[in-house]
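Participant: Hey, dropping start.txt in here, compact mmCIF, N, CA and C atoms:
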# COMPACT_ATOMS: atom_id res chain seq x y z
N MET O 497 61.79 30.78 -29.42
CA MET O 497 62.70 29.75 -28.93
C MET O 497 63.28 29.01 -30.12
N GLY O 498 64.16 29.65 -30.87
CA GLY O 498 64.64 29.12 -32.11
C GLY O 498 65.62 27.97 -32.03
N ARG O 499 66.32 27.79 -30.93
CA ARG O 499 67.27 26.67 -30.88
C ARG O 499 66.61 25.43 -30.30
N LEU O 500 67.19 24.29 -30.62
CA LEU O 500 66.61 23.03 -30.16
C LEU O 500 66.48 23.00 -28.65
N HIS O 501 65.31 22.57 -28.21
CA HIS O 501 65.02 22.43 -26.79
C HIS O 501 63.95 21.36 -26.64
N HIS O 502 63.62 21.02 -25.42
CA HIS O 502 62.59 20.02 -25.15
C HIS O 502 61.57 20.58 -24.18
N HIS O 503 60.31 20.34 -24.48
CA HIS O 503 59.24 20.70 -23.56
C HIS O 503 58.82 19.45 -22.80
N ALA O 504 58.56 19.62 -21.53
CA ALA O 504 58.17 18.51 -20.67
C ALA O 504 56.66 18.52 -20.47
N TYR O 505 56.07 17.33 -20.56
CA TYR O 505 54.63 17.15 -20.37
C TYR O 505 54.39 15.92 -19.51
N ILE O 506 53.35 16.00 -18.70
CA ILE O 506 52.95 14.87 -17.86
C ILE O 506 51.45 14.67 -18.02
N TRP O 507 51.05 13.43 -18.08
CA TRP O 507 49.63 13.10 -17.95
C TRP O 507 49.52 11.89 -17.05
N LEU O 508 48.66 12.01 -16.05
CA LEU O 508 48.31 10.90 -15.17
C LEU O 508 46.81 10.89 -15.10
N GLY O 509 46.22 9.79 -15.51
CA GLY O 509 44.77 9.71 -15.49
C GLY O 509 44.30 8.27 -15.59
N HIS O 510 43.01 8.12 -15.43
CA HIS O 510 42.44 6.78 -15.48
C HIS O 510 42.47 6.27 -16.91
N GLY O 511 42.76 5.00 -17.05
CA GLY O 511 42.88 4.38 -18.37
C GLY O 511 41.63 4.50 -19.22
N ASP O 512 40.47 4.58 -18.59
CA ASP O 512 39.22 4.71 -19.37
C ASP O 512 39.21 5.98 -20.20
N VAL O 513 39.87 7.04 -19.74
CA VAL O 513 39.90 8.31 -20.46
C VAL O 513 40.67 8.18 -21.78
N LEU O 514 41.62 7.26 -21.81
CA LEU O 514 42.40 7.06 -23.04
C LEU O 514 41.52 6.58 -24.20
N VAL O 515 40.46 5.86 -23.87
CA VAL O 515 39.61 5.25 -24.90
C VAL O 515 38.14 5.55 -24.65
N LYS O 516 37.78 6.76 -24.50
CA LYS O 516 36.45 7.19 -24.01
C LYS O 516 35.36 7.43 -25.04
N PRO O 517 34.67 6.70 -25.62
CA PRO O 517 35.02 5.52 -26.42
C PRO O 517 35.79 5.99 -27.64
N GLY O 518 36.72 5.21 -28.02
CA GLY O 518 37.59 5.56 -29.14
C GLY O 518 38.69 6.53 -28.72
N ASP O 519 39.44 7.01 -29.70
CA ASP O 519 40.56 7.88 -29.39
C ASP O 519 40.53 9.19 -30.18
N ALA O 520 39.39 9.54 -30.73
CA ALA O 520 39.30 10.75 -31.56
C ALA O 520 39.72 12.00 -30.79
N HIS O 521 39.40 12.08 -29.50
CA HIS O 521 39.74 13.25 -28.69
C HIS O 521 41.24 13.39 -28.49
N ARG O 522 42.01 12.40 -28.88
CA ARG O 522 43.47 12.43 -28.77
C ARG O 522 44.14 12.79 -30.10
N ARG O 523 43.32 13.15 -31.09
CA ARG O 523 43.83 13.52 -32.42
C ARG O 523 43.65 15.02 -32.65
N PRO O 524 44.63 15.69 -33.27
CA PRO O 524 44.60 17.15 -33.40
C PRO O 524 43.40 17.76 -34.09
N HIS O 525 42.76 17.04 -34.99
CA HIS O 525 41.66 17.65 -35.74
C HIS O 525 40.31 17.47 -35.06
N HIS O 526 40.29 16.85 -33.90
CA HIS O 526 39.04 16.64 -33.17
C HIS O 526 38.73 17.90 -32.34
N LYS O 527 37.45 18.22 -32.23
CA LYS O 527 37.04 19.45 -31.52
C LYS O 527 37.45 19.47 -30.05
N GLU O 528 37.63 18.31 -29.43
CA GLU O 528 38.00 18.24 -28.02
C GLU O 528 39.52 18.24 -27.79
N PHE O 529 40.30 18.14 -28.86
CA PHE O 529 41.73 17.92 -28.71
C PHE O 529 42.42 18.97 -27.83
N LEU O 530 42.23 20.23 -28.12
CA LEU O 530 42.95 21.27 -27.39
C LEU O 530 42.64 21.28 -25.90
N ASN O 531 41.41 20.98 -25.54
CA ASN O 531 41.02 21.01 -24.14
C ASN O 531 41.11 19.66 -23.44
N ALA O 532 41.29 18.60 -24.20
CA ALA O 532 41.38 17.27 -23.59
C ALA O 532 42.65 17.19 -22.75
N GLN O 533 42.50 16.79 -21.50
CA GLN O 533 43.66 16.70 -20.62
C GLN O 533 44.51 15.46 -20.91
N VAL O 534 43.95 14.49 -21.60
CA VAL O 534 44.64 13.24 -21.90
C VAL O 534 45.78 13.47 -22.90
N MET O 535 46.76 12.59 -22.87
CA MET O 535 47.89 12.70 -23.79
C MET O 535 47.44 12.44 -25.22
N PRO O 536 48.08 13.09 -26.20
CA PRO O 536 47.73 12.85 -27.60
C PRO O 536 48.24 11.48 -28.06
N LEU O 537 47.69 11.01 -29.18
CA LEU O 537 48.13 9.73 -29.73
C LEU O 537 49.57 9.79 -30.24
N GLU O 538 49.92 10.85 -30.92
CA GLU O 538 51.27 11.01 -31.45
C GLU O 538 52.03 11.97 -30.53
N CYS O 539 53.21 11.57 -30.12
CA CYS O 539 53.98 12.36 -29.16
C CYS O 539 54.18 13.81 -29.60
N ALA O 540 54.51 14.02 -30.86
CA ALA O 540 54.75 15.38 -31.35
C ALA O 540 53.53 16.27 -31.20
N ASP O 541 52.35 15.68 -31.14
CA ASP O 541 51.12 16.48 -31.04
C ASP O 541 51.00 17.21 -29.71
N TRP O 542 51.84 16.87 -28.73
CA TRP O 542 51.88 17.68 -27.51
C TRP O 542 52.17 19.14 -27.88
N LEU O 543 52.97 19.36 -28.92
CA LEU O 543 53.34 20.72 -29.31
C LEU O 543 52.16 21.53 -29.82
N LEU O 544 51.05 20.87 -30.15
CA LEU O 544 49.85 21.56 -30.61
C LEU O 544 48.91 21.92 -29.46
N LYS O 545 49.19 21.38 -28.29
CA LYS O 545 48.38 21.69 -27.11
C LYS O 545 48.73 23.10 -26.63
N PRO O 546 47.86 23.71 -25.82
CA PRO O 546 48.17 25.05 -25.28
C PRO O 546 49.49 25.04 -24.50
N ALA O 547 50.23 26.12 -24.59
CA ALA O 547 51.53 26.23 -23.91
C ALA O 547 51.39 26.04 -22.40
N SER O 548 50.21 26.28 -21.87
CA SER O 548 50.00 26.10 -20.42
C SER O 548 50.18 24.65 -19.98
N ARG O 549 50.16 23.72 -20.91
CA ARG O 549 50.36 22.31 -20.58
C ARG O 549 51.84 21.96 -20.37
N ILE O 550 52.73 22.85 -20.76
CA ILE O 550 54.17 22.61 -20.62
C ILE O 550 54.54 22.69 -19.14
N GLU O 551 55.16 21.63 -18.64
CA GLU O 551 55.62 21.58 -17.25
C GLU O 551 56.94 22.29 -17.06
N ALA O 552 57.81 22.20 -18.06
CA ALA O 552 59.14 22.80 -18.01
C ALA O 552 59.72 22.79 -19.42
N THR O 553 60.77 23.57 -19.62
CA THR O 553 61.48 23.59 -20.90
C THR O 553 62.97 23.47 -20.61
N PHE O 554 63.65 22.64 -21.42
CA PHE O 554 65.07 22.38 -21.19
C PHE O 554 65.86 22.58 -22.48
N HIS O 555 66.92 23.36 -22.36
CA HIS O 555 67.85 23.55 -23.47
C HIS O 555 69.08 22.67 -23.32
N VAL O 556 69.28 22.15 -22.12
CA VAL O 556 70.44 21.32 -21.82
C VAL O 556 69.95 19.89 -21.58
N PRO O 557 70.41 18.93 -22.40
CA PRO O 557 69.93 17.55 -22.28
C PRO O 557 70.04 16.95 -20.87
N LYS O 558 71.13 17.22 -20.16
CA LYS O 558 71.28 16.66 -18.81
C LYS O 558 70.22 17.20 -17.86
N GLU O 559 69.83 18.44 -18.04
CA GLU O 559 68.77 19.01 -17.19
C GLU O 559 67.43 18.34 -17.50
N GLY O 560 67.18 18.07 -18.77
CA GLY O 560 65.97 17.35 -19.14
C GLY O 560 65.96 15.94 -18.57
N ALA O 561 67.10 15.27 -18.65
CA ALA O 561 67.22 13.91 -18.09
C ALA O 561 67.01 13.94 -16.58
N ASP O 562 67.54 14.95 -15.91
CA ASP O 562 67.34 15.08 -14.45
C ASP O 562 65.86 15.24 -14.13
N TRP O 563 65.16 16.05 -14.93
CA TRP O 563 63.72 16.24 -14.71
C TRP O 563 62.99 14.91 -14.89
N TYR O 564 63.30 14.21 -15.98
CA TYR O 564 62.62 12.96 -16.30
C TYR O 564 62.79 11.95 -15.17
N LEU O 565 64.01 11.76 -14.73
CA LEU O 565 64.26 10.81 -13.65
C LEU O 565 63.66 11.30 -12.33
N GLY O 566 63.67 12.61 -12.13
CA GLY O 566 63.05 13.17 -10.94
C GLY O 566 61.55 12.91 -10.90
N GLN O 567 60.89 13.01 -12.06
CA GLN O 567 59.46 12.72 -12.12
C GLN O 567 59.20 11.25 -11.85
N LEU O 568 60.02 10.38 -12.41
CA LEU O 568 59.85 8.95 -12.13
C LEU O 568 59.96 8.68 -10.64
N ALA O 569 60.91 9.33 -9.99
CA ALA O 569 61.08 9.15 -8.55
C ALA O 569 59.87 9.71 -7.80
N ALA O 570 59.35 10.84 -8.26
CA ALA O 570 58.20 11.46 -7.59
C ALA O 570 56.95 10.59 -7.67
N TYR O 571 56.81 9.84 -8.75
CA TYR O 571 55.64 8.99 -8.93
C TYR O 571 55.91 7.53 -8.54
N ASP O 572 57.04 7.27 -7.95
CA ASP O 572 57.46 5.91 -7.62
C ASP O 572 56.42 5.14 -6.81
N ASP O 573 55.71 5.82 -5.94
CA ASP O 573 54.73 5.13 -5.10
C ASP O 573 53.53 4.59 -5.89
N LEU O 574 53.38 5.00 -7.14
CA LEU O 574 52.27 4.52 -7.96
C LEU O 574 52.57 3.19 -8.64
N PHE O 575 53.85 2.83 -8.70
CA PHE O 575 54.23 1.59 -9.36
C PHE O 575 54.03 0.41 -8.42
N ALA O 576 53.58 -0.70 -8.96
CA ALA O 576 53.43 -1.92 -8.17
C ALA O 576 54.79 -2.30 -7.59
N ALA O 577 54.79 -2.86 -6.41
CA ALA O 577 56.04 -3.17 -5.71
C ALA O 577 56.97 -4.06 -6.54
N SER O 578 56.42 -4.93 -7.35
CA SER O 578 57.26 -5.84 -8.12
C SER O 578 57.71 -5.26 -9.45
N TYR O 579 57.29 -4.04 -9.76
CA TYR O 579 57.60 -3.45 -11.05
C TYR O 579 58.77 -2.49 -10.90
N ALA O 580 59.80 -2.69 -11.65
CA ALA O 580 60.98 -1.82 -11.59
C ALA O 580 61.10 -1.02 -12.88
N VAL O 581 61.26 0.27 -12.76
CA VAL O 581 61.44 1.14 -13.91
C VAL O 581 62.93 1.45 -14.01
N ASP O 582 63.51 1.16 -15.15
CA ASP O 582 64.92 1.46 -15.39
C ASP O 582 64.98 2.66 -16.33
N PRO O 583 65.17 3.86 -15.81
CA PRO O 583 65.10 5.05 -16.64
C PRO O 583 66.32 5.29 -17.53
N ALA O 584 67.43 4.62 -17.31
CA ALA O 584 68.61 4.73 -18.17
C ALA O 584 69.01 6.19 -18.40
N TYR O 585 69.62 6.79 -17.42
CA TYR O 585 70.00 8.20 -17.46
C TYR O 585 70.85 8.53 -18.69
N GLU O 586 71.91 7.79 -18.91
CA GLU O 586 72.81 8.08 -20.04
C GLU O 586 72.09 7.97 -21.38
N GLU O 587 71.18 6.99 -21.49
CA GLU O 587 70.41 6.85 -22.72
C GLU O 587 69.48 8.05 -22.92
N THR O 588 68.90 8.54 -21.84
CA THR O 588 68.03 9.71 -21.92
C THR O 588 68.82 10.93 -22.39
N VAL O 589 70.02 11.13 -21.84
CA VAL O 589 70.87 12.25 -22.26
C VAL O 589 71.22 12.10 -23.74
N ARG O 590 71.56 10.89 -24.17
CA ARG O 590 71.92 10.66 -25.57
C ARG O 590 70.76 10.98 -26.50
N VAL O 591 69.57 10.51 -26.15
CA VAL O 591 68.38 10.74 -26.97
C VAL O 591 68.07 12.23 -27.07
N LEU O 592 68.12 12.92 -25.95
CA LEU O 592 67.83 14.35 -25.96
C LEU O 592 68.90 15.12 -26.73
N SER O 593 70.16 14.72 -26.59
CA SER O 593 71.25 15.38 -27.31
C SER O 593 71.10 15.22 -28.83
N ALA O 594 70.49 14.11 -29.24
CA ALA O 594 70.26 13.87 -30.67
C ALA O 594 69.02 14.57 -31.19
N GLY O 595 68.33 15.31 -30.33
CA GLY O 595 67.13 16.02 -30.76
C GLY O 595 65.90 15.15 -30.87
N GLU O 596 65.92 14.00 -30.19
CA GLU O 596 64.78 13.09 -30.21
C GLU O 596 63.92 13.30 -28.97
N ASP O 597 62.74 12.71 -28.99
CA ASP O 597 61.83 12.75 -27.84
C ASP O 597 62.22 11.66 -26.86
N ARG O 598 61.94 11.90 -25.60
CA ARG O 598 62.04 10.86 -24.57
C ARG O 598 60.64 10.72 -23.99
N VAL O 599 60.04 9.57 -24.24
CA VAL O 599 58.65 9.35 -23.86
C VAL O 599 58.55 8.06 -23.07
N GLY O 600 57.83 8.10 -21.99
CA GLY O 600 57.58 6.88 -21.22
C GLY O 600 56.12 6.84 -20.82
N GLY O 601 55.58 5.64 -20.81
CA GLY O 601 54.20 5.45 -20.39
C GLY O 601 54.08 4.15 -19.63
N TRP O 602 53.40 4.21 -18.48
CA TRP O 602 53.28 3.05 -17.62
C TRP O 602 51.88 2.95 -17.05
N TRP O 603 51.36 1.74 -17.03
CA TRP O 603 50.14 1.48 -16.27
C TRP O 603 50.57 1.43 -14.81
N VAL O 604 49.89 2.18 -13.97
CA VAL O 604 50.22 2.23 -12.55
C VAL O 604 48.99 1.82 -11.75
N THR O 605 49.13 1.83 -10.45
CA THR O 605 48.05 1.38 -9.58
C THR O 605 46.75 2.13 -9.82
N GLY O 606 45.67 1.47 -9.51
CA GLY O 606 44.35 2.10 -9.61
C GLY O 606 43.83 2.21 -11.03
N GLY O 607 44.37 1.42 -11.96
CA GLY O 607 43.89 1.48 -13.34
C GLY O 607 44.26 2.77 -14.05
N ARG O 608 45.30 3.44 -13.56
CA ARG O 608 45.72 4.71 -14.15
C ARG O 608 46.91 4.51 -15.08
N PHE O 609 47.15 5.53 -15.90
CA PHE O 609 48.27 5.53 -16.82
C PHE O 609 49.08 6.79 -16.58
N LEU O 610 50.39 6.63 -16.46
CA LEU O 610 51.31 7.76 -16.28
C LEU O 610 52.10 7.93 -17.57
N SER O 611 52.10 9.13 -18.09
CA SER O 611 52.84 9.46 -19.31
C SER O 611 53.79 10.61 -19.01
N LEU O 612 55.10 10.36 -19.18
CA LEU O 612 56.12 11.39 -19.02
C LEU O 612 56.75 11.63 -20.39
N ASN O 613 56.87 12.89 -20.76
CA ASN O 613 57.29 13.22 -22.11
C ASN O 613 58.25 14.40 -22.14
N LEU O 614 59.33 14.24 -22.87
CA LEU O 614 60.21 15.35 -23.23
C LEU O 614 60.16 15.41 -24.75
N ILE O 615 59.52 16.44 -25.27
CA ILE O 615 59.25 16.53 -26.71
C ILE O 615 60.17 17.58 -27.33
N ALA O 616 60.93 17.16 -28.34
CA ALA O 616 61.85 18.06 -29.02
C ALA O 616 61.09 19.15 -29.76
N CYS O 617 61.68 20.32 -29.78
CA CYS O 617 61.02 21.46 -30.40
C CYS O 617 62.06 22.34 -31.09
N SER O 618 61.66 22.93 -32.18
CA SER O 618 62.46 23.90 -32.95
C SER O 618 63.68 23.30 -33.61
N PRO O 619 63.53 22.40 -34.51
CA PRO O 619 62.30 21.77 -34.97
C PRO O 619 62.12 20.38 -34.36
N HIS O 620 60.94 19.84 -34.55
CA HIS O 620 60.69 18.44 -34.19
C HIS O 620 61.09 17.60 -35.39
N ARG O 621 61.79 16.50 -35.15
CA ARG O 621 62.34 15.69 -36.26
C ARG O 621 61.26 15.08 -37.14
N VAL O 622 60.15 14.66 -36.55
CA VAL O 622 59.08 14.02 -37.32
C VAL O 622 58.10 15.05 -37.86
N ARG O 623 57.87 16.11 -37.11
CA ARG O 623 56.91 17.15 -37.49
C ARG O 623 57.60 18.52 -37.51
N PRO O 624 58.51 18.74 -38.46
CA PRO O 624 59.24 20.02 -38.50
C PRO O 624 58.33 21.22 -38.76
N ASP O 625 57.13 20.98 -39.25
CA ASP O 625 56.19 22.07 -39.52
C ASP O 625 55.49 22.56 -38.27
N TYR O 626 55.60 21.83 -37.17
CA TYR O 626 54.94 22.25 -35.93
C TYR O 626 55.73 23.41 -35.32
N ALA O 627 55.03 24.48 -35.02
CA ALA O 627 55.65 25.64 -34.40
C ALA O 627 55.82 25.39 -32.90
N CYS O 628 56.79 26.06 -32.33
CA CYS O 628 56.98 25.96 -30.89
C CYS O 628 55.78 26.60 -30.19
N PRO O 629 55.21 25.91 -29.20
CA PRO O 629 54.04 26.48 -28.52
C PRO O 629 54.34 27.75 -27.74
N LEU O 630 55.61 28.05 -27.50
CA LEU O 630 55.97 29.27 -26.79
C LEU O 630 56.30 30.41 -27.75
N GLY O 631 56.10 30.16 -29.04
CA GLY O 631 56.27 31.20 -30.03
C GLY O 631 57.69 31.47 -30.34
Could you express the structure from this file as structure tokens?
Facilitator:
Amino acid sequence: MGRLHHHAYIWLGHGDVLVKPGDAHRRPHHKEFLNAQVMPLECADWLLKPASRIEATFHVPKEGADWYLGQLAAYDDLFAASYAVDPAYEETVRVLSAGEDRVGGWWVTGGRFLSLNLIACSPHRVRPDYACPLG
């Protein structure tokens, strides 16, 4: 997958898992990193996780933005009634078109954390040495 694209990742889990104790399991050099279901500390590190964690891949920024907003809508029932998420569609398209990541994280009901991620690949701007997980 040599041209710029974005891989989509989702993590929804209890907040205690984020700090179970500490965050070593969220760092690439930790023995639990590859199998840990929790999101990594650095967004680009999603690319080091097994390819099976990829929810979707987008070569067209508008399609990635549609997925991102669609996921927010799908998880809408988890947000507190008084909490409004403004996903900014045009901003998402702009960010993806520039080859940047689009990352969102929200504390939701039940002490859980929702993480939605579109991670740039081939190359990643911050970690150009990271290979695409799809080879």
Participant: Please run DSSP on the backbone and report, as an MDAnalysis selection string, all residues within chain O that come out as strand (DSSP E).
Facilitator: chainID O and resid 501:510 552:554 598:604 608:617
Participant: Determine the nearest neighbour of O:Glu586 from the options O:Cys539, O:Val534, O:Gly566, O:Ala561, counting all atoms listed in the file.
Facilitator: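 Among the listed residues, O:Ala561 lies closest to O:Glu586.
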Participant: Quick one: distance from atom N of O:Met535 to atom CA of O:Pro629 in Å, one decimal?
Facilitator: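 If I compute the distance from atom N of O:Met535 to atom CA of O:Pro629, I get 16.7 Å.
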Participant: Tell me, in Å to one decimal, how far atom N of O:Ala552 is from atom C of O:His503.
Facilitator: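 According to the coordinates, atom N of O:Ala552 and atom C of O:His503 are separated by 5.6 Å.
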Participant: Could you jot down the atom CA of O:Glu559 to atom N of O:Val589 separation for me, Å, one decimal place?
Facilitator: 9.2 Å
Participant: Write out as a list of chain:residue names each polymer residue whose atoms come within 6.5 Å of O:Leu500, counting all atoms listed in the file; drop sequence neighbours fewer than 5 positions from it.
Facilitator: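 Residues near the query, excluding close chain neighbours: O:Phe554, O:His555, O:Cys617, O:Ser618, O:Pro619.
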Participant: Within 6.5 Å of O:Ile550, counting only N, CA and C atoms, which residues show up once you throw out same-chain ones fewer than 3 positions away? Write them as a ChimeraX atom specification, please.
Facilitator: /O:503-505,546-547,553
Participant: Can you work out which one of O:Gly600, O:Leu568, O:Leu630, O:Phe609 has the shortest atom-to-atom distance to O:Asp512, counting all atoms listed in the file?
Facilitator: O:Phe609
Participant: For O:Val556, which of O:Pro624, O:Trp542, O:Leu592, O:Arg523 is the closest residue, counting all atoms listed in the file?
Facilitator: O:Leu592
Participant: Tell me which protein, DNA and RNA residues are within 8 Å of O:Ala576, counting all atoms listed in the file, leaving out same-chain ones fewer than 4 positions away, and put them as a list in words.
Facilitator: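 In the requested format, the answer is Asp572, Ala580, Trp603, Val604 and Thr605 of chain O.
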Participant: Selection from above, N, CA and C atoms, as a PDB file, keeping the file's coordinate frame, can you write it?
Facilitator:
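Output contents, as saved in part_24.pdb:
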ATOM      1  N   ASP O 572      57.040   7.270  -7.950  1.00  0.00           N
ATOM      2  CA  ASP O 572      57.460   5.910  -7.620  1.00  0.00           C
ATOM      3  C   ASP O 572      56.420   5.140  -6.810  1.00  0.00           C
ATOM      4  N   ALA O 580      59.800  -2.690 -11.650  1.00  0.00           N
ATOM      5  CA  ALA O 580      60.980  -1.820 -11.590  1.00  0.00           C
ATOM      6  C   ALA O 580      61.100  -1.020 -12.880  1.00  0.00           C
ATOM      7  N   TRP O 603      51.360   1.740 -17.030  1.00  0.00           N
ATOM      8  CA  TRP O 603      50.140   1.480 -16.270  1.00  0.00           C
ATOM      9  C   TRP O 603      50.570   1.430 -14.810  1.00  0.00           C
ATOM     10  N   VAL O 604      49.890   2.180 -13.970  1.00  0.00           N
ATOM     11  CA  VAL O 604      50.220   2.230 -12.550  1.00  0.00           C
ATOM     12  C   VAL O 604      48.990   1.820 -11.750  1.00  0.00           C
ATOM     13  N   THR O 605      49.130   1.830 -10.450  1.00  0.00           N
ATOM     14  CA  THR O 605      48.050   1.380  -9.580  1.00  0.00           C
ATOM     15  C   THR O 605      46.750   2.130  -9.820  1.00  0.00           C
TER      16      THR O 605
END
Participant: So which one's closest to O:Asp562, O:Leu508, O:Val515, O:Leu530, O:Ala584? Using only C-alpha atoms, please.
Facilitator: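 Between O:Leu508, O:Val515, O:Leu530, O:Ala584, the residue approaching O:Asp562 most closely is O:Ala584.
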Participant: I need the residues in chain O that are alpha helix (DSSP H) according to DSSP; give them as JSON, numbers by chain.
Facilitator: {"O": [511, 512, 513, 514, 557, 558, 559, 560, 561, 562, 563, 564, 565, 566, 567, 568, 569, 570, 585, 586, 587, 588, 589, 590, 591, 592, 593]}
Participant: Between O:Ala540, O:Leu614, O:Ala532, O:Val513, single out the one closest to O:Tyr626, counting only N, CA and C atoms.
Facilitator: O:Ala540
Participant: Ranking O:Gly518, O:Pro536, O:Gly511, O:Gly498 by minimum distance to O:Arg608 and counting only C-alpha atoms, which one comes first?
Facilitator: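 Smallest separation from O:Arg608 among the options: O:Gly511.
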